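J.: Take this structure first; my questions come after.
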Amino acid sequence: MRSKVNESSHVTKEELTRRDFIGKTTAGIATAAFSTGIASIGLSSCKKGNKSNHIRKYSAGEFAYEIEQTLPEEELYDYHKRLSSDPVHILRRDPEARKNEDEMMLPDQGWNLRMRKNNSVIIQNAVLDFQDYLGISQHVRVEIEEKNTIADWQDVSQAVVVGTREELPGCGLTLETPKSYEITVTPDRIIVCGYDERGAMFGLFNLESRMNLREAPFLPKGLKIARESLLDTRMVLSWMGWMEWPDRLLSHLVHDGFDAIFASVYANPNGDRTTAETSTDFYARLLYNMRKQDPDRVKDLIVRAGRVGIKVYTPIIYQYLGTRESEMGLRKLVRAIVSEFPDIRGYILLTEGFWYKAWGGGHGASRKYMQEWARNWSKAVKIVEEECHRTDPSIEIIPWEYNIDFRPQNSEIKRYFIQQLPLNSIPMLTWENGKSFELDGMKGYLRDYSLSQIGPAEVTVAQIDEAEKRGMKVYSKVDTFASWQYGTTPYLPCPNQWYDRYMALEKYGVKGTLESWSSGYKPNFISEIRAWTCWTGAPSEEELLNAVAARIFGVEQKEQVLQAWEHFSQAIRMVPDTGPNMGTNNAIGNPLFFSEPPARAATYKYSWGDQEKKMNLNPYWPFTVSRMVFYPDFTNKTNKAELYARHATGLEDVGGETKILSVFLNYLKQASDKMEDGLKFYRTAAYNTPESKRTQALHEVVVAEQLQRMMQSDYAVLEFEDLRLQLAGEQESRKTGVILDRMEEIVREEIDRTELALLAATRDSRLGFQFEQDYVYTPYSLKEKLGVLKDTLDRQLPAARRIKKS
């Protein structure tokens, strides 16, 4: 329910600052919440201009007023529920759209949708989906015709004909790869010809995408295009959770060009837990806490996914010890899995769960040790390959040595791993992790999945080269729409940077992808852009971004949106905080701790239990996992802010006398400022968006603003801690007063920011969610943070002033 402005205040949105907004709305931020809609978008290829530089820019406070007034409340997991149950297709036709002279139009009725009788379930479902799409999204009614043959396709009129090369003789003669398709459009007929059944399906979905961009059932009259798939496999995890794969989600992801999923992560598909329950190795102890798989659940998923053309991949979990007994155990396990699940199309052998002897990344280990480890691990891969291919040679064996030291200087060892792998396996390479960069002349590297560098990493380049020498194709785990860098944001609205990464993947010849681990898939405009780039014949970057911007915000707002996206893409390149850290995932949920807070959960300070081993939660802030919480050293012996900056940038080898924090904060501020430059255009575009598009446009700005707030709070948390330590060591009253003044200013700014973050989180249940932890921050934890901040402002800082003065 919308809250109303207090009529006695006579407040207008133009008068509101951030603080004004909090105090002058009836409901206030604490009770606001919202629902995420998916709206239409349209096609235009006009070049960027500067017209939007001269129109009014709106502040964050003014925009907060618009959000509070317009978007309804949303509870936790509401988006999950809608993604599970809401229709895949929604109204996308723009009543104002007009056909150009070089376009044809599907009439509202009178055409048929023709396929061969008793066709494959994949084509049948795709045809039903296209009929559904035309009816719901474009208000076009077509009847399905099933014929004994569709070989007479050249004589058909007023019909969309769908089939494979074998069913449509004379069509698709240039198609060479699975999933490829040919589309031929004339005023009288549309022919969709697939290399195979999946190609026919993706061809139909491409027609949907073209109409979506045009916001009407219009297509170019003389369109004839053959699009080859650039990737053998595109797989993804579910953003919704470990084994959360509702049919609606499967349909959404195949519409965005995915043809595979990675399921049963960290668990054998047949439920075998021998390694987890018998090994005493470090990683086996972690696996012990993982969910046990229900084999029937996997079988059900395979059947449901197969209906929409999606392949299922799973891991194999095993600790190989190099002994005869261990080899026999692995062979037995693989035979059991392949026998029970003949339709699993591949196995990802990730070192987090499939490892040799002692688990670890080899950081600091000798060359001799790592080479022995590589040989034995590769021997285990070979055992899996032999057992799988004895039954079915088409099963893909995909070894992924993720954990092995990926710093730039480790290229030779990473090459060695490729050299040891069986030729009939497909290496899964981690795309960007370890990529080097510089901060003011200091060399760092990406600590984890991040978008600030396009990639590939130096070690990945070396591995691609080595695989090419051996005649092996490579797959890659690569982020393409979301990342662990700001992993609690549902996607990163930085399309220019993403597009450059897509082009790099094509340049380096990657033939398969596992995309955006472990953010997982949920519908968004970045994943839609990505889908276009996975086949040849895609629109140019300019054409594609123009079209999507116009569709989401309206043609008149397109130029502002393009400028905003360019600023966002520039901003992410400046971010020095890389990977799954507090600063990129929980900064807006992390308090500014001035003094040790009361415990909010059980503590083990004096018991025989070890606090660090008892739980993965910080008892003083137990709302997420400990690694996502920045907690000071209240003994004041260690500057945790400085250590954080070193760790997050990979600058740990820089001498201890060199201060990293100031450099880190400088780059973080530049990124935040660049986001603000873009947000001025984004907010203005959303304000002026047509009413029919307003819901999605507002949501897009909410996501971008929350991304910027994460940057700003990251800065605040680290600066505040640095000042706290300075204050502890300072005796001069004048200097302590200056420090406390700045700390008070930081707290006030963080209160404003947290209130705005609370408004956003209560209006978009995607925000704060990352399925490895579920919610990293929630509206409840943000309210708790506000309590800490206000106590610090009203009680703790004044008390510190009195003590320092005395």
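Identifiers in the structure tokens: chain A, B, ... in order shown; residue index from 1 per chain; ligand index from 1 in order shown.
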Might you pull out every residue within 7 Å of stretch 769-773 of chain A, with only C-alpha atoms counted and same-chain residues fewer than 6 positions away left off, and present them as a list in words?
T.: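 My list of contacting residues is Trp239, Met240, Gly241, Gly487, Thr488 and Ser519 of chain A.
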J.: Taking 6 positions as the minimum chain separation for residues in the same chain, which residues sit within 8 Å of stretch 191-200 of chain A when counting only C-alpha atoms? Answer as a PyMOL selection string.
T.: chain A and resi 120+122-123+153+160-165+168+171-172+175-185+309
J.: List as a tab-separated table every residue of stretch 436-482 of chain A that is in contact with stretch 558-581 of chain A, defined as an atom at most 8 Å from one of its atoms (using only C-alpha atoms), together with the nearest atom pair and the distance in Å rounded to one decimal, sorted by chain and then rising number.
T.:
```
residue	atom	partner	partner_atom	distance
A:Leu446	CA	A:Thr578	CA	5.7
A:Arg447	CA	A:Gly579	CA	5.6
A:Asp448	CA	A:Gly579	CA	4.2
A:Tyr449	CA	A:Gly579	CA	5.4
A:Ser450	CA	A:Thr578	CA	5.8
A:Leu451	CA	A:Ile572	CA	6.8
A:Ser452	CA	A:Arg573	CA	4.2
A:Gln453	CA	A:Arg573	CA	6.4
```
J.: May I have the residues within 8 Å of A:Thr684 as a list in words, using only C-alpha atoms and disregarding those fewer than 5 positions away in the same chain?
T.: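 Result of the neighbour search: Arg56, Lys57, Tyr58 and Gln560 of chain A.
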J.: Limited to N, CA, C and O atoms, could you put the picked residues into a file as a tab-separated table (two decimals), in the first residue's frame?
T.:
```tsv
chain	number	residue	atom	x	y	z
A	56	ARG	N	16.83	19.04	-16.19
A	56	ARG	CA	16.92	19.04	-14.73
A	56	ARG	C	17.39	17.70	-14.19
A	56	ARG	O	16.92	16.67	-14.61
A	57	LYS	N	18.32	17.74	-13.26
A	57	LYS	CA	18.80	16.54	-12.57
A	57	LYS	C	18.11	16.46	-11.20
A	57	LYS	O	17.88	17.47	-10.55
A	58	TYR	N	17.81	15.25	-10.77
A	58	TYR	CA	17.11	15.04	-9.51
A	58	TYR	C	18.05	14.41	-8.49
A	58	TYR	O	18.88	13.57	-8.81
A	560	GLN	N	19.72	9.91	-22.05
A	560	GLN	CA	20.13	10.02	-20.64
A	560	GLN	C	20.54	8.65	-20.09
A	560	GLN	O	21.52	8.54	-19.35
```
J.: Hey, what's within 10 Å of stretch 595-609 of chain A if we count only C-alpha atoms and toss same-chain stuff fewer than 6 positions away? As a PDB file with all heavy atoms, in the first residue's frame, please?
T.:
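Final output, saved to out-v4.pdb:
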```pdb
ATOM      1  N   MET A 615      30.995 -21.275  15.473  1.00  0.00           N
ATOM      2  CA  MET A 615      29.986 -20.823  14.531  1.00  0.00           C
ATOM      3  C   MET A 615      30.614 -19.924  13.481  1.00  0.00           C
ATOM      4  O   MET A 615      31.681 -19.356  13.690  1.00  0.00           O
ATOM      5  CB  MET A 615      28.867 -20.076  15.248  1.00  0.00           C
ATOM      6  CG  MET A 615      29.339 -18.862  16.071  1.00  0.00           C
ATOM      7  SD  MET A 615      27.986 -17.978  16.842  1.00  0.00           S
ATOM      8  CE  MET A 615      27.398 -19.202  18.006  1.00  0.00           C
ATOM      9  N   LEU A 617      29.385 -17.196  12.616  1.00  0.00           N
ATOM     10  CA  LEU A 617      28.706 -15.930  12.846  1.00  0.00           C
ATOM     11  C   LEU A 617      29.466 -15.111  13.872  1.00  0.00           C
ATOM     12  O   LEU A 617      30.033 -15.656  14.824  1.00  0.00           O
ATOM     13  CB  LEU A 617      27.272 -16.163  13.343  1.00  0.00           C
ATOM     14  CG  LEU A 617      26.308 -16.893  12.407  1.00  0.00           C
ATOM     15  CD1 LEU A 617      24.986 -17.126  13.106  1.00  0.00           C
ATOM     16  CD2 LEU A 617      26.081 -16.108  11.125  1.00  0.00           C
ATOM     17  N   ASN A 618      29.454 -13.816  13.684  1.00  0.00           N
ATOM     18  CA  ASN A 618      29.999 -12.910  14.679  1.00  0.00           C
ATOM     19  C   ASN A 618      28.887 -12.608  15.683  1.00  0.00           C
ATOM     20  O   ASN A 618      27.858 -12.046  15.311  1.00  0.00           O
ATOM     21  CB  ASN A 618      30.467 -11.617  13.993  1.00  0.00           C
ATOM     22  CG  ASN A 618      31.133 -10.653  14.954  1.00  0.00           C
ATOM     23  OD1 ASN A 618      30.682 -10.469  16.082  1.00  0.00           O
ATOM     24  ND2 ASN A 618      32.201 -10.030  14.504  1.00  0.00           N
ATOM     25  N   PRO A 619      29.055 -12.971  16.948  1.00  0.00           N
ATOM     26  CA  PRO A 619      27.955 -12.798  17.913  1.00  0.00           C
ATOM     27  C   PRO A 619      27.562 -11.341  18.133  1.00  0.00           C
ATOM     28  O   PRO A 619      26.468 -11.063  18.622  1.00  0.00           O
ATOM     29  CB  PRO A 619      28.498 -13.428  19.197  1.00  0.00           C
ATOM     30  CG  PRO A 619      29.972 -13.404  19.040  1.00  0.00           C
ATOM     31  CD  PRO A 619      30.233 -13.572  17.579  1.00  0.00           C
ATOM     32  N   TYR A 620      28.441 -10.410  17.754  1.00  0.00           N
ATOM     33  CA  TYR A 620      28.132  -8.990  17.925  1.00  0.00           C
ATOM     34  C   TYR A 620      27.386  -8.417  16.723  1.00  0.00           C
ATOM     35  O   TYR A 620      26.827  -7.329  16.799  1.00  0.00           O
ATOM     36  CB  TYR A 620      29.425  -8.212  18.185  1.00  0.00           C
ATOM     37  CG  TYR A 620      30.161  -8.753  19.382  1.00  0.00           C
ATOM     38  CD1 TYR A 620      31.256  -9.579  19.227  1.00  0.00           C
ATOM     39  CD2 TYR A 620      29.717  -8.473  20.680  1.00  0.00           C
ATOM     40  CE1 TYR A 620      31.907 -10.117  20.334  1.00  0.00           C
ATOM     41  CE2 TYR A 620      30.357  -9.009  21.785  1.00  0.00           C
ATOM     42  CZ  TYR A 620      31.452  -9.827  21.609  1.00  0.00           C
ATOM     43  OH  TYR A 620      32.086 -10.359  22.711  1.00  0.00           O
ATOM     44  N   TRP A 621      27.390  -9.156  15.627  1.00  0.00           N
ATOM     45  CA  TRP A 621      26.590  -8.785  14.449  1.00  0.00           C
ATOM     46  C   TRP A 621      26.281 -10.063  13.668  1.00  0.00           C
ATOM     47  O   TRP A 621      26.852 -10.341  12.627  1.00  0.00           O
ATOM     48  CB  TRP A 621      27.336  -7.777  13.570  1.00  0.00           C
ATOM     49  CG  TRP A 621      26.363  -7.040  12.697  1.00  0.00           C
ATOM     50  CD1 TRP A 621      26.178  -7.190  11.358  1.00  0.00           C
ATOM     51  CD2 TRP A 621      25.408  -6.063  13.124  1.00  0.00           C
ATOM     52  NE1 TRP A 621      25.160  -6.378  10.916  1.00  0.00           N
ATOM     53  CE2 TRP A 621      24.673  -5.667  11.988  1.00  0.00           C
ATOM     54  CE3 TRP A 621      25.077  -5.493  14.355  1.00  0.00           C
ATOM     55  CZ2 TRP A 621      23.658  -4.722  12.040  1.00  0.00           C
ATOM     56  CZ3 TRP A 621      24.066  -4.552  14.414  1.00  0.00           C
ATOM     57  CH2 TRP A 621      23.367  -4.176  13.276  1.00  0.00           C
ATOM     58  N   PRO A 622      25.335 -10.866  14.183  1.00  0.00           N
ATOM     59  CA  PRO A 622      25.120 -12.230  13.657  1.00  0.00           C
ATOM     60  C   PRO A 622      24.115 -12.313  12.521  1.00  0.00           C
ATOM     61  O   PRO A 622      23.475 -13.342  12.339  1.00  0.00           O
ATOM     62  CB  PRO A 622      24.587 -12.958  14.893  1.00  0.00           C
ATOM     63  CG  PRO A 622      23.786 -11.907  15.603  1.00  0.00           C
ATOM     64  CD  PRO A 622      24.515 -10.602  15.368  1.00  0.00           C
ATOM     65  N   PHE A 623      23.995 -11.251  11.734  1.00  0.00           N
ATOM     66  CA  PHE A 623      22.970 -11.237  10.701  1.00  0.00           C
ATOM     67  C   PHE A 623      23.448 -11.819   9.376  1.00  0.00           C
ATOM     68  O   PHE A 623      22.663 -11.983   8.449  1.00  0.00           O
ATOM     69  CB  PHE A 623      22.454  -9.812  10.498  1.00  0.00           C
ATOM     70  CG  PHE A 623      21.903  -9.205  11.752  1.00  0.00           C
ATOM     71  CD1 PHE A 623      22.573  -8.190  12.395  1.00  0.00           C
ATOM     72  CD2 PHE A 623      20.732  -9.699  12.303  1.00  0.00           C
ATOM     73  CE1 PHE A 623      22.074  -7.643  13.570  1.00  0.00           C
ATOM     74  CE2 PHE A 623      20.228  -9.163  13.473  1.00  0.00           C
ATOM     75  CZ  PHE A 623      20.904  -8.126  14.111  1.00  0.00           C
ATOM     76  N   TYR A 631      34.635  -6.011  11.617  1.00  0.00           N
ATOM     77  CA  TYR A 631      34.588  -5.853  13.072  1.00  0.00           C
ATOM     78  C   TYR A 631      35.966  -5.401  13.552  1.00  0.00           C
ATOM     79  O   TYR A 631      36.976  -6.044  13.238  1.00  0.00           O
ATOM     80  CB  TYR A 631      34.201  -7.183  13.727  1.00  0.00           C
ATOM     81  CG  TYR A 631      33.862  -7.045  15.199  1.00  0.00           C
ATOM     82  CD1 TYR A 631      32.680  -6.429  15.594  1.00  0.00           C
ATOM     83  CD2 TYR A 631      34.737  -7.513  16.166  1.00  0.00           C
ATOM     84  CE1 TYR A 631      32.375  -6.305  16.937  1.00  0.00           C
ATOM     85  CE2 TYR A 631      34.431  -7.396  17.514  1.00  0.00           C
ATOM     86  CZ  TYR A 631      33.253  -6.784  17.895  1.00  0.00           C
ATOM     87  OH  TYR A 631      32.943  -6.648  19.218  1.00  0.00           O
ATOM     88  N   PRO A 632      36.032  -4.311  14.305  1.00  0.00           N
ATOM     89  CA  PRO A 632      37.326  -3.750  14.706  1.00  0.00           C
ATOM     90  C   PRO A 632      38.085  -4.630  15.694  1.00  0.00           C
ATOM     91  O   PRO A 632      37.518  -5.499  16.357  1.00  0.00           O
ATOM     92  CB  PRO A 632      36.944  -2.418  15.366  1.00  0.00           C
ATOM     93  CG  PRO A 632      35.564  -2.123  14.900  1.00  0.00           C
ATOM     94  CD  PRO A 632      34.904  -3.454  14.711  1.00  0.00           C
ATOM     95  N   ASP A 633      39.361  -4.375  15.793  1.00  0.00           N
ATOM     96  CA  ASP A 633      40.188  -4.925  16.870  1.00  0.00           C
ATOM     97  C   ASP A 633      40.146  -3.921  18.000  1.00  0.00           C
ATOM     98  O   ASP A 633      40.841  -2.899  17.984  1.00  0.00           O
ATOM     99  CB  ASP A 633      41.623  -5.123  16.371  1.00  0.00           C
ATOM    100  CG  ASP A 633      42.569  -5.510  17.499  1.00  0.00           C
ATOM    101  OD1 ASP A 633      42.073  -5.901  18.582  1.00  0.00           O
ATOM    102  OD2 ASP A 633      43.795  -5.402  17.305  1.00  0.00           O
ATOM    103  N   PHE A 634      39.317  -4.201  18.997  1.00  0.00           N
ATOM    104  CA  PHE A 634      39.134  -3.236  20.079  1.00  0.00           C
ATOM    105  C   PHE A 634      40.298  -3.203  21.072  1.00  0.00           C
ATOM    106  O   PHE A 634      40.293  -2.412  22.005  1.00  0.00           O
ATOM    107  CB  PHE A 634      37.796  -3.490  20.797  1.00  0.00           C
ATOM    108  CG  PHE A 634      36.606  -3.034  19.999  1.00  0.00           C
ATOM    109  CD1 PHE A 634      35.717  -3.946  19.472  1.00  0.00           C
ATOM    110  CD2 PHE A 634      36.387  -1.687  19.768  1.00  0.00           C
ATOM    111  CE1 PHE A 634      34.628  -3.535  18.722  1.00  0.00           C
ATOM    112  CE2 PHE A 634      35.301  -1.254  19.018  1.00  0.00           C
ATOM    113  CZ  PHE A 634      34.413  -2.181  18.500  1.00  0.00           C
ATOM    114  N   ARG A 724      38.958   5.973  14.368  1.00  0.00           N
ATOM    115  CA  ARG A 724      38.819   5.450  15.733  1.00  0.00           C
ATOM    116  C   ARG A 724      40.186   5.111  16.322  1.00  0.00           C
ATOM    117  O   ARG A 724      40.471   5.408  17.501  1.00  0.00           O
ATOM    118  CB  ARG A 724      37.924   4.212  15.725  1.00  0.00           C
ATOM    119  CG  ARG A 724      37.499   3.722  17.108  1.00  0.00           C
ATOM    120  CD  ARG A 724      36.805   2.374  17.034  1.00  0.00           C
ATOM    121  NE  ARG A 724      37.716   1.324  16.641  1.00  0.00           N
ATOM    122  CZ  ARG A 724      38.582   0.723  17.479  1.00  0.00           C
ATOM    123  NH1 ARG A 724      38.651   1.101  18.749  1.00  0.00           N
ATOM    124  NH2 ARG A 724      39.373  -0.236  17.040  1.00  0.00           N
ATOM    125  N   VAL A 788      22.367   1.221  16.242  1.00  0.00           N
ATOM    126  CA  VAL A 788      23.781   1.360  16.625  1.00  0.00           C
ATOM    127  C   VAL A 788      24.298   2.734  16.251  1.00  0.00           C
ATOM    128  O   VAL A 788      24.988   3.401  17.044  1.00  0.00           O
ATOM    129  CB  VAL A 788      24.633   0.257  15.951  1.00  0.00           C
ATOM    130  CG1 VAL A 788      26.118   0.499  16.210  1.00  0.00           C
ATOM    131  CG2 VAL A 788      24.223  -1.113  16.452  1.00  0.00           C
ATOM    132  N   THR A 792      25.622   5.655  18.750  1.00  0.00           N
ATOM    133  CA  THR A 792      26.974   6.208  18.593  1.00  0.00           C
ATOM    134  C   THR A 792      26.925   7.722  18.511  1.00  0.00           C
ATOM    135  O   THR A 792      27.736   8.423  19.139  1.00  0.00           O
ATOM    136  CB  THR A 792      27.638   5.639  17.315  1.00  0.00           C
ATOM    137  OG1 THR A 792      27.704   4.215  17.430  1.00  0.00           O
ATOM    138  CG2 THR A 792      29.037   6.200  17.134  1.00  0.00           C
ATOM    139  N   GLN A 796      27.685   7.730  22.461  1.00  0.00           N
ATOM    140  CA  GLN A 796      29.086   7.326  22.523  1.00  0.00           C
ATOM    141  C   GLN A 796      30.052   8.442  22.126  1.00  0.00           C
ATOM    142  O   GLN A 796      31.068   8.661  22.799  1.00  0.00           O
ATOM    143  CB  GLN A 796      29.315   6.097  21.641  1.00  0.00           C
ATOM    144  CG  GLN A 796      28.559   4.866  22.110  1.00  0.00           C
ATOM    145  CD  GLN A 796      28.841   3.640  21.245  1.00  0.00           C
ATOM    146  OE1 GLN A 796      29.957   3.443  20.790  1.00  0.00           O
ATOM    147  NE2 GLN A 796      27.817   2.837  21.004  1.00  0.00           N
ATOM    148  N   LEU A 797      29.765   9.160  21.045  1.00  0.00           N
ATOM    149  CA  LEU A 797      30.671  10.227  20.631  1.00  0.00           C
ATOM    150  C   LEU A 797      30.679  11.388  21.621  1.00  0.00           C
ATOM    151  O   LEU A 797      31.768  11.900  21.968  1.00  0.00           O
ATOM    152  CB  LEU A 797      30.315  10.719  19.227  1.00  0.00           C
ATOM    153  CG  LEU A 797      30.601   9.720  18.089  1.00  0.00           C
ATOM    154  CD1 LEU A 797      30.190  10.304  16.737  1.00  0.00           C
ATOM    155  CD2 LEU A 797      32.070   9.336  18.057  1.00  0.00           C
TER     156      LEU A 797
END
```
J.: Name the residues in contact with A:Ala704 at a cut-off of 12 Å, using only C-alpha atoms, excluding same-chain residues fewer than 2 positions from it; report them as an MDAnalysis selection string.
T.: chainID A and resid 60 486 489:494 561 564:565 567:569 571:572 672 674:683 697:702 706:711 757 760 767
J.: Using only C-alpha atoms, which of A:Ser733, A:Ser411, A:Thr649, A:Thr624 sits nearest A:Ala462?
T.: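 Between A:Ser733, A:Ser411, A:Thr649, A:Thr624, the residue approaching A:Ala462 most closely is A:Ser411.
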J.: Just the helix (DSSP H, G or I) stuff from stretch 298-362 of chain A, please, per backbone DSSP, written as an MDAnalysis selection string.
T.: chainID A and resid 298:307 324:340
J.: Print the selection's residues with N, CA and C atoms to a file, as an mmCIF file, in the first residue's frame.
T.:
```
data_model
loop_
_atom_site.group_PDB
_atom_site.id
_atom_site.type_symbol
_atom_site.label_atom_id
_atom_site.label_comp_id
_atom_site.auth_asym_id
_atom_site.auth_seq_id
_atom_site.Cartn_x
_atom_site.Cartn_y
_atom_site.Cartn_z
ATOM 1 N N VAL A 298 16.742 -34.844 -8.355
ATOM 2 C CA VAL A 298 17.599 -34.634 -9.520
ATOM 3 C C VAL A 298 16.931 -35.215 -10.768
ATOM 4 N N LYS A 299 16.367 -36.403 -10.651
ATOM 5 C CA LYS A 299 15.701 -37.025 -11.805
ATOM 6 C C LYS A 299 14.530 -36.171 -12.285
ATOM 7 N N ASP A 300 13.764 -35.647 -11.361
ATOM 8 C CA ASP A 300 12.649 -34.783 -11.734
ATOM 9 C C ASP A 300 13.140 -33.540 -12.456
ATOM 10 N N LEU A 301 14.234 -32.960 -11.974
ATOM 11 C CA LEU A 301 14.789 -31.772 -12.613
ATOM 12 C C LEU A 301 15.253 -32.079 -14.032
ATOM 13 N N ILE A 302 15.895 -33.222 -14.225
ATOM 14 C CA ILE A 302 16.377 -33.603 -15.554
ATOM 15 C C ILE A 302 15.208 -33.684 -16.534
ATOM 16 N N VAL A 303 14.101 -34.292 -16.101
ATOM 17 C CA VAL A 303 12.928 -34.429 -16.975
ATOM 18 C C VAL A 303 12.338 -33.065 -17.306
ATOM 19 N N ARG A 304 12.154 -32.227 -16.275
ATOM 20 C CA ARG A 304 11.520 -30.923 -16.503
ATOM 21 C C ARG A 304 12.409 -30.015 -17.355
ATOM 22 N N ALA A 305 13.717 -30.036 -17.084
ATOM 23 C CA ALA A 305 14.638 -29.210 -17.862
ATOM 24 C C ALA A 305 14.688 -29.671 -19.311
ATOM 25 N N GLY A 306 14.646 -30.983 -19.529
ATOM 26 C CA GLY A 306 14.714 -31.512 -20.885
ATOM 27 C C GLY A 306 13.572 -31.074 -21.756
ATOM 28 N N ARG A 307 12.432 -30.821 -21.152
ATOM 29 C CA ARG A 307 11.267 -30.394 -21.936
ATOM 30 C C ARG A 307 11.480 -29.041 -22.606
ATOM 31 N N ARG A 324 45.164 -47.749 -4.400
ATOM 32 C CA ARG A 324 44.363 -48.675 -5.180
ATOM 33 C C ARG A 324 42.921 -48.691 -4.678
ATOM 34 N N GLU A 325 42.776 -48.688 -3.366
ATOM 35 C CA GLU A 325 41.429 -48.711 -2.779
ATOM 36 C C GLU A 325 40.653 -47.438 -3.146
ATOM 37 N N SER A 326 41.358 -46.316 -3.123
ATOM 38 C CA SER A 326 40.703 -45.049 -3.449
ATOM 39 C C SER A 326 40.278 -45.024 -4.916
ATOM 40 N N GLU A 327 41.100 -45.536 -5.795
ATOM 41 C CA GLU A 327 40.744 -45.590 -7.206
ATOM 42 C C GLU A 327 39.518 -46.477 -7.423
ATOM 43 N N MET A 328 39.495 -47.620 -6.760
ATOM 44 C CA MET A 328 38.337 -48.518 -6.898
ATOM 45 C C MET A 328 37.068 -47.844 -6.386
ATOM 46 N N GLY A 329 37.201 -47.099 -5.300
ATOM 47 C CA GLY A 329 36.041 -46.399 -4.758
ATOM 48 C C GLY A 329 35.515 -45.344 -5.714
ATOM 49 N N LEU A 330 36.424 -44.614 -6.364
ATOM 50 C CA LEU A 330 36.002 -43.586 -7.322
ATOM 51 C C LEU A 330 35.330 -44.222 -8.528
ATOM 52 N N ARG A 331 35.901 -45.299 -9.045
ATOM 53 C CA ARG A 331 35.293 -45.957 -10.206
ATOM 54 C C ARG A 331 33.887 -46.464 -9.858
ATOM 55 N N LYS A 332 33.763 -47.015 -8.684
ATOM 56 C CA LYS A 332 32.450 -47.526 -8.258
ATOM 57 C C LYS A 332 31.437 -46.396 -8.165
ATOM 58 N N LEU A 333 31.852 -45.267 -7.598
ATOM 59 C CA LEU A 333 30.950 -44.129 -7.465
ATOM 60 C C LEU A 333 30.518 -43.615 -8.831
ATOM 61 N N VAL A 334 31.456 -43.432 -9.754
ATOM 62 C CA VAL A 334 31.136 -42.898 -11.077
ATOM 63 C C VAL A 334 30.198 -43.850 -11.817
ATOM 64 N N ARG A 335 30.474 -45.141 -11.757
ATOM 65 C CA ARG A 335 29.595 -46.111 -12.437
ATOM 66 C C ARG A 335 28.185 -46.050 -11.878
ATOM 67 N N ALA A 336 28.085 -45.901 -10.560
ATOM 68 C CA ALA A 336 26.761 -45.833 -9.937
ATOM 69 C C ALA A 336 25.998 -44.595 -10.397
ATOM 70 N N ILE A 337 26.690 -43.454 -10.467
ATOM 71 C CA ILE A 337 26.027 -42.213 -10.874
ATOM 72 C C ILE A 337 25.609 -42.270 -12.338
ATOM 73 N N VAL A 338 26.513 -42.697 -13.216
ATOM 74 C CA VAL A 338 26.202 -42.751 -14.643
ATOM 75 C C VAL A 338 25.079 -43.737 -14.923
ATOM 76 N N SER A 339 25.061 -44.837 -14.193
ATOM 77 C CA SER A 339 24.011 -45.834 -14.377
ATOM 78 C C SER A 339 22.651 -45.296 -13.945
ATOM 79 N N GLU A 340 22.625 -44.578 -12.835
ATOM 80 C CA GLU A 340 21.351 -44.073 -12.314
ATOM 81 C C GLU A 340 20.874 -42.833 -13.053
#
```
J.: So that I can check the surroundings of A:Glu385, please list as a PyMOL selection string every protein, DNA and RNA residue that reaches within 10 Å of it, counting only C-alpha atoms and ignoring chain neighbours fewer than 2 positions away.
T.: chain A and resi 331+334+347+379-383+387-390+393+395-398+422-425
J.: What lies within 7 Å of A:Tyr266 using only C-alpha atoms, ignoring chain neighbours under 4 positions off, as a PyMOL selection string?
T.: chain A and resi 290+315+317+353
J.: Write the residues of the selection above to a file with N, CA and C atoms, as a compact mmCIF listing (two decimals), in the first residue's frame.
T.:
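The new file out-v9.txt reads:
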```txt
# COMPACT_ATOMS: atom_id res chain seq x y z
N MET A 290 27.10 -29.68 4.15
CA MET A 290 26.30 -29.44 2.97
C MET A 290 25.04 -30.31 2.97
N PRO A 315 28.11 -31.97 -10.15
CA PRO A 315 29.47 -32.32 -9.73
C PRO A 315 29.60 -33.81 -9.43
N ILE A 317 31.57 -35.61 -6.21
CA ILE A 317 32.26 -35.29 -4.96
C ILE A 317 33.08 -36.50 -4.52
N GLY A 353 35.58 -29.99 -3.70
CA GLY A 353 34.72 -31.16 -3.65
C GLY A 353 35.27 -32.35 -4.39
```
J.: Just how far from atom CA of A:Ser157 is atom CA of A:Leu134, in Å to one decimal?
T.: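 Taking atom CA of A:Leu134 and atom CA of A:Ser157, their separation equals 18.1 Å.
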J.: What gap, in Å, lies between atom CA of A:Leu793 and atom CA of A:Asn590?
T.: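 Answer for the atom CA of A:Leu793 to atom CA of A:Asn590 separation: 15.7 Å.
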J.: Hey, which of A:Val121, A:Leu505, A:Ile526, A:Val308 ends up closest to A:Ala549? Count only C-alpha atoms.
T.: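 Looking at the shortest contact to A:Ala549, the residue is A:Ile526.
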J.: Of the residues A:Trp373, A:Tyr502, A:Trp517, A:Trp111, which is the one nearest to A:Ile529, using only C-alpha atoms?
T.: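 That would be A:Tyr502, the residue with the smallest distance to A:Ile529.
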J.: Taking only C-alpha atoms into account, name the residue in A:Ile660, A:Leu740, A:Ala374, A:Leu250 that is nearest to A:Gly441.
T.: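 Once distances to A:Gly441 are computed over only C-alpha atoms, the minimum belongs to A:Ile660.
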